file entry-v3.cif (mmCIF, C-alpha atoms and all ligand atoms)
data_input
loop_
_atom_site.group_PDB
_atom_site.id
_atom_site.type_symbol
_atom_site.label_atom_id
_atom_site.label_comp_id
_atom_site.auth_asym_id
_atom_site.auth_seq_id
_atom_site.Cartn_x
_atom_site.Cartn_y
_atom_site.Cartn_z
ATOM 1 C CA MET A 1 30.792 71.059 31.955
ATOM 2 C CA GLN A 2 31.097 74.704 30.989
ATOM 3 C CA LEU A 3 29.161 77.097 33.243
ATOM 4 C CA SER A 4 27.486 80.296 31.975
ATOM 5 C CA ILE A 5 25.721 82.584 34.438
ATOM 6 C CA LYS A 6 23.095 85.008 33.097
ATOM 7 C CA ASP A 7 21.409 87.800 35.008
ATOM 8 C CA HIS A 8 17.890 86.427 34.701
ATOM 9 C CA HIS A 9 15.697 83.708 33.235
ATOM 10 C CA GLY A 10 14.996 85.670 30.020
ATOM 11 C CA LEU A 11 18.705 85.762 29.190
ATOM 12 C CA VAL A 12 19.034 82.022 29.872
ATOM 13 C CA ALA A 13 16.180 81.478 27.402
ATOM 14 C CA GLU A 14 17.863 83.734 24.822
ATOM 15 C CA ALA A 15 21.142 81.835 25.206
ATOM 16 C CA LEU A 16 19.334 78.543 24.650
ATOM 17 C CA VAL A 17 17.610 79.898 21.535
ATOM 18 C CA ALA A 18 21.020 80.961 20.229
ATOM 19 C CA ARG A 19 22.327 77.372 20.690
ATOM 20 C CA VAL A 20 19.327 75.947 18.804
ATOM 21 C CA ARG A 21 19.705 78.547 16.031
ATOM 22 C CA ASP A 22 23.418 77.724 15.653
ATOM 23 C CA ALA A 23 22.672 73.997 15.549
ATOM 24 C CA ILE A 24 20.063 74.431 12.783
ATOM 25 C CA GLN A 25 22.121 76.911 10.785
ATOM 26 C CA SER A 26 25.164 74.664 10.785
ATOM 27 C CA LYS A 27 23.095 71.529 10.063
ATOM 28 C CA PRO A 28 19.586 72.107 8.633
ATOM 29 C CA ASN A 29 18.573 68.493 9.321
ATOM 30 C CA ALA A 30 19.800 68.652 12.933
ATOM 31 C CA VAL A 31 18.170 66.443 15.541
ATOM 32 C CA ILE A 32 17.243 68.416 18.652
ATOM 33 C CA GLY A 33 16.364 66.641 21.914
ATOM 34 C CA VAL A 34 13.647 68.567 23.709
ATOM 35 C CA ALA A 35 12.928 68.581 27.434
ATOM 36 C CA THR A 36 9.562 69.578 28.840
ATOM 37 C CA GLY A 37 9.173 71.100 32.330
ATOM 38 C CA ARG A 38 8.800 74.786 33.101
ATOM 39 C CA THR A 39 12.356 75.971 32.540
ATOM 40 C CA PRO A 40 12.650 75.726 28.709
ATOM 41 C CA MET A 41 9.165 77.070 27.881
ATOM 42 C CA GLU A 42 10.268 80.692 27.548
ATOM 43 C CA ALA A 43 13.024 79.604 25.155
ATOM 44 C CA TYR A 44 10.487 77.667 23.071
ATOM 45 C CA ARG A 45 8.295 80.789 22.948
ATOM 46 C CA LEU A 46 11.223 82.939 21.823
ATOM 47 C CA LEU A 47 12.254 80.340 19.251
ATOM 48 C CA ALA A 48 8.783 80.477 17.714
ATOM 49 C CA LEU A 49 9.251 84.225 17.152
ATOM 50 C CA GLU A 50 12.129 83.300 14.829
ATOM 51 C CA ARG A 51 10.219 80.780 12.732
ATOM 52 C CA GLU A 52 10.149 83.042 9.652
ATOM 53 C CA SER A 53 13.923 83.457 9.639
ATOM 54 C CA LEU A 54 14.887 79.909 10.618
ATOM 55 C CA ASP A 55 14.369 77.009 8.208
ATOM 56 C CA LEU A 56 13.248 74.154 10.457
ATOM 57 C CA SER A 57 11.642 72.138 7.669
ATOM 58 C CA ARG A 58 14.338 69.428 7.783
ATOM 59 C CA ALA A 59 15.010 69.482 11.537
ATOM 60 C CA ARG A 60 13.776 66.730 13.808
ATOM 61 C CA PHE A 61 12.867 66.939 17.466
ATOM 62 C CA VAL A 62 13.188 64.054 19.890
ATOM 63 C CA MET A 63 11.411 63.493 23.189
ATOM 64 C CA LEU A 64 13.538 63.133 26.293
ATOM 65 C CA ASP A 65 10.992 61.399 28.484
ATOM 66 C CA GLU A 66 7.298 60.647 28.822
ATOM 67 C CA TYR A 67 4.827 59.701 31.529
ATOM 68 C CA LEU A 68 3.438 56.178 31.437
ATOM 69 C CA GLY A 69 -0.234 55.342 31.718
ATOM 70 C CA LEU A 70 -1.695 58.493 30.174
ATOM 71 C CA ALA A 71 -3.446 58.653 26.811
ATOM 72 C CA SER A 72 -0.989 60.164 24.304
ATOM 73 C CA THR A 73 -3.710 62.716 23.588
ATOM 74 C CA SER A 74 -4.000 63.769 27.253
ATOM 75 C CA PRO A 75 -2.960 67.436 27.444
ATOM 76 C CA ASP A 76 -0.566 66.348 30.202
ATOM 77 C CA SER A 77 1.383 63.785 28.170
ATOM 78 C CA PHE A 78 4.779 65.234 27.276
ATOM 79 C CA GLN A 79 3.990 64.458 23.646
ATOM 80 C CA SER A 80 0.978 66.812 23.859
ATOM 81 C CA VAL A 81 3.034 69.435 25.691
ATOM 82 C CA LEU A 82 5.693 69.370 22.963
ATOM 83 C CA ARG A 83 3.113 69.454 20.157
ATOM 84 C CA ARG A 84 1.436 72.439 21.839
ATOM 85 C CA GLN A 85 4.547 74.365 22.947
ATOM 86 C CA VAL A 86 7.080 73.498 20.242
ATOM 87 C CA LEU A 87 5.687 71.869 17.096
ATOM 88 C CA LYS A 88 2.602 74.024 16.602
ATOM 89 C CA PRO A 89 4.215 77.421 17.355
ATOM 90 C CA LEU A 90 7.120 76.517 15.071
ATOM 91 C CA GLY A 91 4.793 75.347 12.297
ATOM 92 C CA LEU A 92 6.346 71.856 12.187
ATOM 93 C CA ARG A 93 4.824 68.666 10.810
ATOM 94 C CA ASP A 94 3.708 65.921 13.234
ATOM 95 C CA GLU A 95 6.307 63.485 11.952
ATOM 96 C CA GLN A 96 9.123 65.890 12.861
ATOM 97 C CA LEU A 97 8.718 64.795 16.489
ATOM 98 C CA ILE A 98 10.206 61.418 17.430
ATOM 99 C CA VAL A 99 8.021 60.219 20.259
ATOM 100 C CA MET A 100 7.738 57.741 23.098
ATOM 101 C CA ALA A 101 4.081 56.715 23.438
ATOM 102 C CA SER A 102 2.692 57.158 26.957
ATOM 103 C CA ASP A 103 -0.142 54.700 26.274
ATOM 104 C CA THR A 104 1.996 51.835 25.001
ATOM 105 C CA LYS A 105 0.917 48.379 26.162
ATOM 106 C CA ASP A 106 4.467 47.055 25.780
ATOM 107 C CA VAL A 107 6.941 49.421 27.414
ATOM 108 C CA LEU A 108 10.050 47.363 26.697
ATOM 109 C CA THR A 109 9.286 47.191 22.963
ATOM 110 C CA GLU A 110 8.510 50.914 22.931
ATOM 111 C CA THR A 111 11.822 51.819 24.585
ATOM 112 C CA LEU A 112 13.768 49.571 22.181
ATOM 113 C CA ARG A 113 11.869 51.062 19.218
ATOM 114 C CA PHE A 114 12.760 54.558 20.469
ATOM 115 C CA GLU A 115 16.482 53.730 20.776
ATOM 116 C CA ARG A 116 16.455 52.238 17.233
ATOM 117 C CA LYS A 117 14.675 55.311 15.892
ATOM 118 C CA LEU A 118 17.290 57.576 17.503
ATOM 119 C CA ALA A 119 20.111 55.550 15.963
ATOM 120 C CA LYS A 120 18.379 55.584 12.559
ATOM 121 C CA CYS A 121 18.104 59.363 12.514
ATOM 122 C CA GLY A 122 21.834 59.636 13.224
ATOM 123 C CA GLY A 123 21.648 60.528 16.924
ATOM 124 C CA VAL A 124 20.936 63.786 18.709
ATOM 125 C CA ASP A 125 22.945 66.866 17.702
ATOM 126 C CA LEU A 126 21.800 69.127 20.527
ATOM 127 C CA GLN A 127 20.072 67.863 23.661
ATOM 128 C CA ILE A 128 18.195 70.388 25.784
ATOM 129 C CA LEU A 129 17.920 69.408 29.458
ATOM 130 C CA GLY A 130 16.480 70.816 32.643
ATOM 131 C CA VAL A 131 17.378 69.449 36.062
ATOM 132 C CA GLY A 132 15.167 68.292 38.911
ATOM 133 C CA ARG A 133 15.745 69.472 42.496
ATOM 134 C CA ASN A 134 17.090 65.989 43.227
ATOM 135 C CA GLY A 135 19.517 66.159 40.307
ATOM 136 C CA HIS A 136 17.504 64.104 37.842
ATOM 137 C CA ILE A 137 18.068 64.615 34.123
ATOM 138 C CA GLY A 138 15.251 63.383 31.938
ATOM 139 C CA PHE A 139 13.527 61.088 34.411
ATOM 140 C CA ASN A 140 16.796 59.486 35.496
ATOM 141 C CA GLU A 141 16.208 59.733 39.213
ATOM 142 C CA PRO A 142 19.020 59.379 41.803
ATOM 143 C CA GLY A 143 20.407 55.842 41.657
ATOM 144 C CA SER A 144 20.205 55.672 37.848
ATOM 145 C CA ARG A 145 23.226 53.973 36.321
ATOM 146 C CA PHE A 146 25.424 56.069 34.060
ATOM 147 C CA ASP A 147 25.287 53.270 31.452
ATOM 148 C CA SER A 148 21.466 53.184 31.425
ATOM 149 C CA LEU A 149 19.525 53.279 28.154
ATOM 150 C CA THR A 150 15.926 54.313 27.441
ATOM 151 C CA ARG A 151 13.747 52.422 29.898
ATOM 152 C CA ARG A 152 10.800 52.314 32.286
ATOM 153 C CA VAL A 153 11.363 54.153 35.598
ATOM 154 C CA SER A 154 9.488 54.966 38.812
ATOM 155 C CA LEU A 155 9.197 58.627 39.729
ATOM 156 C CA THR A 156 10.207 59.880 43.154
ATOM 157 C CA TYR A 157 7.809 61.641 45.491
ATOM 158 C CA MET A 158 9.755 64.903 45.009
ATOM 159 C CA THR A 159 9.497 64.741 41.216
ATOM 160 C CA ARG A 160 5.790 63.922 41.342
ATOM 161 C CA SER A 161 5.021 66.756 43.747
ATOM 162 C CA ASP A 162 7.181 69.247 41.811
ATOM 163 C CA ASN A 163 5.333 68.331 38.605
ATOM 164 C CA ALA A 164 1.828 68.291 40.095
ATOM 165 C CA PRO A 165 1.203 72.041 39.529
ATOM 166 C CA THR A 166 1.921 71.614 35.794
ATOM 167 C CA LEU A 167 -1.032 69.266 35.249
ATOM 168 C CA ILE A 168 -3.910 70.592 33.178
ATOM 169 C CA GLN A 169 -6.342 67.685 33.160
ATOM 170 C CA GLU A 170 -4.996 64.684 35.084
ATOM 171 C CA SER A 171 -5.613 64.642 38.830
ATOM 172 C CA THR A 172 -2.308 63.017 39.777
ATOM 173 C CA VAL A 173 1.177 62.767 38.320
ATOM 174 C CA PRO A 174 1.783 59.232 36.992
ATOM 175 C CA VAL A 175 3.973 57.045 39.176
ATOM 176 C CA GLU A 176 5.949 55.685 36.220
ATOM 177 C CA ALA A 177 7.589 57.074 33.125
ATOM 178 C CA MET A 178 9.928 56.278 30.251
ATOM 179 C CA THR A 179 13.137 58.188 29.908
ATOM 180 C CA GLN A 180 16.166 58.337 27.685
ATOM 181 C CA GLY A 181 18.849 56.708 29.795
ATOM 182 C CA ILE A 182 21.933 58.538 30.988
ATOM 183 C CA ALA A 183 24.083 56.749 28.401
ATOM 184 C CA THR A 184 21.504 57.666 25.727
ATOM 185 C CA ILE A 185 21.688 61.327 26.753
ATOM 186 C CA LEU A 186 25.494 61.275 26.810
ATOM 187 C CA ARG A 187 25.532 60.141 23.161
ATOM 188 C CA ALA A 188 24.185 63.553 22.075
ATOM 189 C CA ARG A 189 26.890 65.495 20.254
ATOM 190 C CA SER A 190 26.237 68.560 22.396
ATOM 191 C CA ILE A 191 24.146 69.195 25.495
ATOM 192 C CA VAL A 192 22.751 72.362 27.058
ATOM 193 C CA VAL A 193 21.341 72.169 30.579
ATOM 194 C CA ILE A 194 19.362 75.123 31.859
ATOM 195 C CA ALA A 195 18.361 75.903 35.446
ATOM 196 C CA THR A 196 16.761 79.019 36.854
ATOM 197 C CA GLY A 197 15.378 80.218 40.164
ATOM 198 C CA GLU A 198 16.538 79.816 43.734
ATOM 199 C CA ALA A 199 14.826 76.435 44.180
ATOM 200 C CA LYS A 200 17.540 75.035 41.897
ATOM 201 C CA ALA A 201 20.456 76.654 43.767
ATOM 202 C CA PRO A 202 21.179 73.715 46.124
ATOM 203 C CA ILE A 203 21.261 71.174 43.283
ATOM 204 C CA ILE A 204 23.407 73.408 41.068
ATOM 205 C CA ALA A 205 25.867 73.813 43.958
ATOM 206 C CA ARG A 206 25.994 70.008 44.311
ATOM 207 C CA ALA A 207 26.333 69.548 40.539
ATOM 208 C CA LEU A 208 29.334 71.853 40.508
ATOM 209 C CA ASN A 209 31.035 70.610 43.675
ATOM 210 C CA GLU A 210 30.172 67.009 44.527
ATOM 211 C CA PRO A 211 32.027 64.037 43.069
ATOM 212 C CA ALA A 212 30.210 62.312 40.213
ATOM 213 C CA SER A 213 27.978 59.491 41.423
ATOM 214 C CA ALA A 214 24.754 57.706 40.571
ATOM 215 C CA ASP A 215 23.132 59.551 43.484
ATOM 216 C CA LEU A 216 23.552 62.764 41.513
ATOM 217 C CA PRO A 217 22.462 62.018 37.924
ATOM 218 C CA ILE A 218 23.405 65.467 36.593
ATOM 219 C CA SER A 219 27.017 64.748 37.577
ATOM 220 C CA ALA A 220 27.194 62.216 34.698
ATOM 221 C CA LEU A 221 27.302 65.183 32.322
ATOM 222 C CA ARG A 222 30.782 66.120 33.520
ATOM 223 C CA ALA A 223 32.129 63.294 31.353
ATOM 224 C CA HIS A 224 30.656 64.903 28.234
ATOM 225 C CA ALA A 225 33.033 66.884 26.042
ATOM 226 C CA ALA A 226 30.476 69.468 24.865
ATOM 227 C CA CYS A 227 28.085 70.160 27.723
ATOM 228 C CA GLU A 228 27.131 73.664 28.798
ATOM 229 C CA LEU A 229 25.220 74.525 31.975
ATOM 230 C CA ILE A 230 23.396 77.849 31.636
ATOM 231 C CA VAL A 231 21.899 79.228 34.841
ATOM 232 C CA ASP A 232 20.545 82.499 36.135
ATOM 233 C CA ARG A 233 21.984 84.251 39.192
ATOM 234 C CA ASP A 234 19.263 82.923 41.505
ATOM 235 C CA ALA A 235 20.257 79.351 40.683
ATOM 236 C CA VAL A 236 23.833 79.878 41.829
ATOM 237 C CA LEU A 237 23.069 81.760 45.025
ATOM 238 C CA GLU A 238 21.810 79.653 47.881
ATOM 239 C CA ARG A 239 18.991 81.436 49.704
ATOM 240 C CA GLY A 240 21.153 82.053 52.778
ATOM 241 C CA HIS A 241 23.944 83.527 50.694
ATOM 242 C CA ALA A 242 21.532 85.793 48.827
ATOM 243 C CA GLN A 243 20.041 87.061 52.074
ATOM 244 C CA ARG A 244 23.456 87.641 53.626
ATOM 245 C CA ARG A 245 24.521 89.575 50.531
ATOM 246 C CA GLU A 246 21.373 91.741 50.676
ATOM 247 C CA LEU A 247 22.042 92.479 54.352
ATOM 248 C CA ARG A 248 25.601 93.525 53.534
ATOM 249 C CA GLU A 249 24.390 95.759 50.722
ATOM 250 C CA GLU A 250 21.781 97.622 52.832
HETATM 251 C C1 LIG B 301 11.347 67.161 31.514
HETATM 252 C C2 LIG B 301 12.431 66.521 32.247
HETATM 253 C C3 LIG B 301 12.788 66.907 33.620
HETATM 254 C C4 LIG B 301 12.779 68.414 33.872
HETATM 255 C C5 LIG B 301 13.110 68.720 35.324
HETATM 256 C C6 LIG B 301 13.048 70.193 35.625
HETATM 257 O O1 LIG B 301 11.194 66.579 30.215
HETATM 258 O O2 LIG B 301 13.025 65.648 31.722
HETATM 259 O O3 LIG B 301 14.065 66.392 33.917
HETATM 260 O O4 LIG B 301 13.702 69.026 33.016
HETATM 261 O O5 LIG B 301 12.218 68.044 36.160
HETATM 262 O O6 LIG B 301 11.731 70.626 35.498
HETATM 263 P P1 LIG B 301 11.371 72.168 35.592
HETATM 264 O O7 LIG B 301 11.955 72.816 34.371
HETATM 265 O O8 LIG B 301 9.854 72.211 35.583
HETATM 266 O O9 LIG B 301 11.960 72.666 36.853
#
call {"tool": "encode", "arguments": {"input": "entry-v3.cif", "output": "structure tokens"}}
result
Amino acid sequence: MQLSIKDHHGLVAEALVARVRDAIQSKPNAVIGVATGRTPMEAYRLLALERESLDLSRARFVMLDEYLGLASTSPDSFQSVLRRQVLKPLGLRDEQLIVMASDTKDVLTETLRFERKLAKCGGVDLQILGVGRNGHIGFNEPGSRFDSLTRRVSLTYMTRSDNAPTLIQESTVPVEAMTQGIATILRARSIVVIATGEAKAPIIARALNEPASADLPISALRAHAACELIVDRDAVLERGHAQRRELREE
């Protein structure tokens, strides 16, 4: 996993946009895996500013995960978030997003359909990931097997409380979700993980230093040949270290 440290969140977003631009320019029908969450939203906004100069008409975008038990049309489903924050600003057609349906009645069939759809479109060229404070990637919470495929999962209390402030309409974060599995994610030809802010510093320190294990899902990415971790300075300085440094500098 190659580490890049940028001065601030805006530069992390710019670096991510550059990776997406390169992917599309070298392969106009590239398949881009898109995370939701707060971290990539600035990059999606910056990407939309480039829509006139970037031909995205043949690109496809693939969901990484989705809540279960919400109407697909709920503004809080990840499908709605991606339509609002990525598809619409980029002027893309609905069918350019490969979805998992949050309101499916048959989760197993939906996850198998999603895996088949991914295989049919030739697999993901560039997967964008964030990371949870507990090390989750997608919704692969600690304990997820590295050979897991797209499946139904239960969300941890930490994930549900971290995501609660992002809700627009729903009163609680669903307790279950679907997620690309860790093995599904690792099949992407390249991966960019972004993390910003001091709340992510402890998990980034663990991701860089702890041995790979199922307790630390992000550590699975170390086995990937083309995975870049782009962070801002706050995400690599533990609070205590930052304060000690400030004291020294006074
Ligand atoms: C979102 C996702 C999650 C988030 C992670 C970080 O589709 O899969 O793994 O990337 O929870 O979320 P933020 O960016 O809000 O800190």
call {"tool": "residues_near_ligand", "arguments": {"input": "entry-v3.cif", "ligand": "ligand LIG 301 (chain B)", "cutoff": "9 Å", "atoms": "all atoms listed in the file", "output": "PyMOL selection string"}}
result
chain A and resi 34-41+63-66+78+128-141+159+162-163+166+179-180+193-197+199-200
call {"tool": "write_last_selection", "arguments": {"input": "entry-v3.cif", "atoms": "C-alpha atoms", "output": "mmCIF file, in the frame of the given file"}}
result
data_model
loop_
_atom_site.group_PDB
_atom_site.id
_atom_site.type_symbol
_atom_site.label_atom_id
_atom_site.label_comp_id
_atom_site.auth_asym_id
_atom_site.auth_seq_id
_atom_site.Cartn_x
_atom_site.Cartn_y
_atom_site.Cartn_z
ATOM 1 C CA VAL A 34 13.647 68.567 23.709
ATOM 2 C CA ALA A 35 12.928 68.581 27.434
ATOM 3 C CA THR A 36 9.562 69.578 28.840
ATOM 4 C CA GLY A 37 9.173 71.100 32.330
ATOM 5 C CA ARG A 38 8.800 74.786 33.101
ATOM 6 C CA THR A 39 12.356 75.971 32.540
ATOM 7 C CA PRO A 40 12.650 75.726 28.709
ATOM 8 C CA MET A 41 9.165 77.070 27.881
ATOM 9 C CA MET A 63 11.411 63.493 23.189
ATOM 10 C CA LEU A 64 13.538 63.133 26.293
ATOM 11 C CA ASP A 65 10.992 61.399 28.484
ATOM 12 C CA GLU A 66 7.298 60.647 28.822
ATOM 13 C CA PHE A 78 4.779 65.234 27.276
ATOM 14 C CA ILE A 128 18.195 70.388 25.784
ATOM 15 C CA LEU A 129 17.920 69.408 29.458
ATOM 16 C CA GLY A 130 16.480 70.816 32.643
ATOM 17 C CA VAL A 131 17.378 69.449 36.062
ATOM 18 C CA GLY A 132 15.167 68.292 38.911
ATOM 19 C CA ARG A 133 15.745 69.472 42.496
ATOM 20 C CA ASN A 134 17.090 65.989 43.227
ATOM 21 C CA GLY A 135 19.517 66.159 40.307
ATOM 22 C CA HIS A 136 17.504 64.104 37.842
ATOM 23 C CA ILE A 137 18.068 64.615 34.123
ATOM 24 C CA GLY A 138 15.251 63.383 31.938
ATOM 25 C CA PHE A 139 13.527 61.088 34.411
ATOM 26 C CA ASN A 140 16.796 59.486 35.496
ATOM 27 C CA GLU A 141 16.208 59.733 39.213
ATOM 28 C CA THR A 159 9.497 64.741 41.216
ATOM 29 C CA ASP A 162 7.181 69.247 41.811
ATOM 30 C CA ASN A 163 5.333 68.331 38.605
ATOM 31 C CA THR A 166 1.921 71.614 35.794
ATOM 32 C CA THR A 179 13.137 58.188 29.908
ATOM 33 C CA GLN A 180 16.166 58.337 27.685
ATOM 34 C CA VAL A 193 21.341 72.169 30.579
ATOM 35 C CA ILE A 194 19.362 75.123 31.859
ATOM 36 C CA ALA A 195 18.361 75.903 35.446
ATOM 37 C CA THR A 196 16.761 79.019 36.854
ATOM 38 C CA GLY A 197 15.378 80.218 40.164
ATOM 39 C CA ALA A 199 14.826 76.435 44.180
ATOM 40 C CA LYS A 200 17.540 75.035 41.897
#
call {"tool": "resolve_selection", "arguments": {"input": "entry-v3.cif", "expression": "the PyMOL selection byres (((chain A and resi 220) around 10) and not hetatm)", "output": "PDB file with C-alpha atoms, in the frame of the given file"}}
result
ATOM      1  CA  MET A   1      30.792  71.059  31.955  1.00  0.00           C
ATOM      2  CA  ILE A 137      18.068  64.615  34.123  1.00  0.00           C
ATOM      3  CA  ARG A 145      23.226  53.973  36.321  1.00  0.00           C
ATOM      4  CA  PHE A 146      25.424  56.069  34.060  1.00  0.00           C
ATOM      5  CA  ASP A 147      25.287  53.270  31.452  1.00  0.00           C
ATOM      6  CA  ILE A 182      21.933  58.538  30.988  1.00  0.00           C
ATOM      7  CA  ALA A 183      24.083  56.749  28.401  1.00  0.00           C
ATOM      8  CA  ILE A 185      21.688  61.327  26.753  1.00  0.00           C
ATOM      9  CA  LEU A 186      25.494  61.275  26.810  1.00  0.00           C
ATOM     10  CA  ALA A 207      26.333  69.548  40.539  1.00  0.00           C
ATOM     11  CA  PRO A 211      32.027  64.037  43.069  1.00  0.00           C
ATOM     12  CA  ALA A 212      30.210  62.312  40.213  1.00  0.00           C
ATOM     13  CA  SER A 213      27.978  59.491  41.423  1.00  0.00           C
ATOM     14  CA  ALA A 214      24.754  57.706  40.571  1.00  0.00           C
ATOM     15  CA  LEU A 216      23.552  62.764  41.513  1.00  0.00           C
ATOM     16  CA  PRO A 217      22.462  62.018  37.924  1.00  0.00           C
ATOM     17  CA  ILE A 218      23.405  65.467  36.593  1.00  0.00           C
ATOM     18  CA  SER A 219      27.017  64.748  37.577  1.00  0.00           C
ATOM     19  CA  LEU A 221      27.302  65.183  32.322  1.00  0.00           C
ATOM     20  CA  ARG A 222      30.782  66.120  33.520  1.00  0.00           C
ATOM     21  CA  ALA A 223      32.129  63.294  31.353  1.00  0.00           C
ATOM     22  CA  HIS A 224      30.656  64.903  28.234  1.00  0.00           C
TER      23      HIS A 224
END
call {"tool": "residues_around", "arguments": {"input": "entry-v3.cif", "residues": "Arg189 of chain A", "least_positions_apart": "6", "cutoff": "7 Å", "atoms": "all atoms listed in the file", "output": "MDAnalysis selection string"}}
result
chainID A and resid 124:126
call {"tool": "write_last_selection", "arguments": {"input": "entry-v3.cif", "atoms": "C-alpha atoms", "output": "PDB file, keeping the file's coordinate frame"}}
result
ATOM      1  CA  VAL A 124      20.936  63.786  18.709  1.00  0.00           C
ATOM      2  CA  ASP A 125      22.945  66.866  17.702  1.00  0.00           C
ATOM      3  CA  LEU A 126      21.800  69.127  20.527  1.00  0.00           C
TER       4      LEU A 126
END
call {"tool": "closest_residue", "arguments": {"input": "entry-v3.cif", "among": "A:Ser57, A:Asn209, A:Gln2, A:Ser144", "to": "Leu92 of chain A", "atoms": "all atoms listed in the file"}}
result
A:Ser57
call {"tool": "closest_residue", "arguments": {"input": "entry-v3.cif", "among": "A:Leu3, A:Gly91, A:Val31, A:Ala71", "to": "Gln169 of chain A", "atoms": "only C-alpha atoms"}}
result
A:Ala71
call {"tool": "resolve_selection", "arguments": {"input": "entry-v3.cif", "expression": "the PyMOL selection byres (((chain A and resi 76) around 12) and not hetatm)", "output": "ChimeraX atom specification"}}
result
/A:36-37,66-75,77-85,102,163-174
call {"tool": "closest_residue", "arguments": {"input": "entry-v3.cif", "among": "A:Leu112, A:Leu46, A:Ala101, A:Leu54", "to": "Ser26 of chain A", "atoms": "all atoms listed in the file"}}
result
A:Leu54
call {"tool": "residues_near_point", "arguments": {"input": "entry-v3.cif", "point": "(14.9, 64.4, 13.5)", "cutoff": "10 Å", "atoms": "all atoms listed in the file", "output": "ChimeraX atom specification"}}
result
/A:29-33,58-62,95-98,117-118,120-125
call {"tool": "atom_distance", "arguments": {"input": "entry-v3.cif", "atom1": "atom CA of Arg93 of chain A", "atom2": "atom CA of Arg45 of chain A"}}
result
17.5 Å
call {"tool": "atom_distance", "arguments": {"input": "entry-v3.cif", "atom1": "atom CA of Val236 of chain A", "atom2": "atom CA of Thr184 of chain A"}}
result
27.5 Å
call {"tool": "atom_distance", "arguments": {"input": "entry-v3.cif", "atom1": "atom CA of Val12 of chain A", "atom2": "atom CA of Leu47 of chain A"}}
result
12.7 Å
call {"tool": "closest_residue", "arguments": {"input": "entry-v3.cif", "among": "A:Leu87, A:Ala177, A:Leu155, A:Ala18", "to": "Glu110 of chain A", "atoms": "all atoms listed in the file"}}
result
A:Ala177
call {"tool": "closest_residue", "arguments": {"input": "entry-v3.cif", "among": "A:Thr150, A:Ser190, A:Gln25, A:Ser161", "to": "Glu115 of chain A", "atoms": "only C-alpha atoms"}}
result
A:Thr150
call {"tool": "closest_residue", "arguments": {"input": "entry-v3.cif", "among": "A:Leu90, A:Leu229, A:Val153, A:Leu208", "to": "Ala15 of chain A", "atoms": "only C-alpha atoms"}}
result
A:Leu229
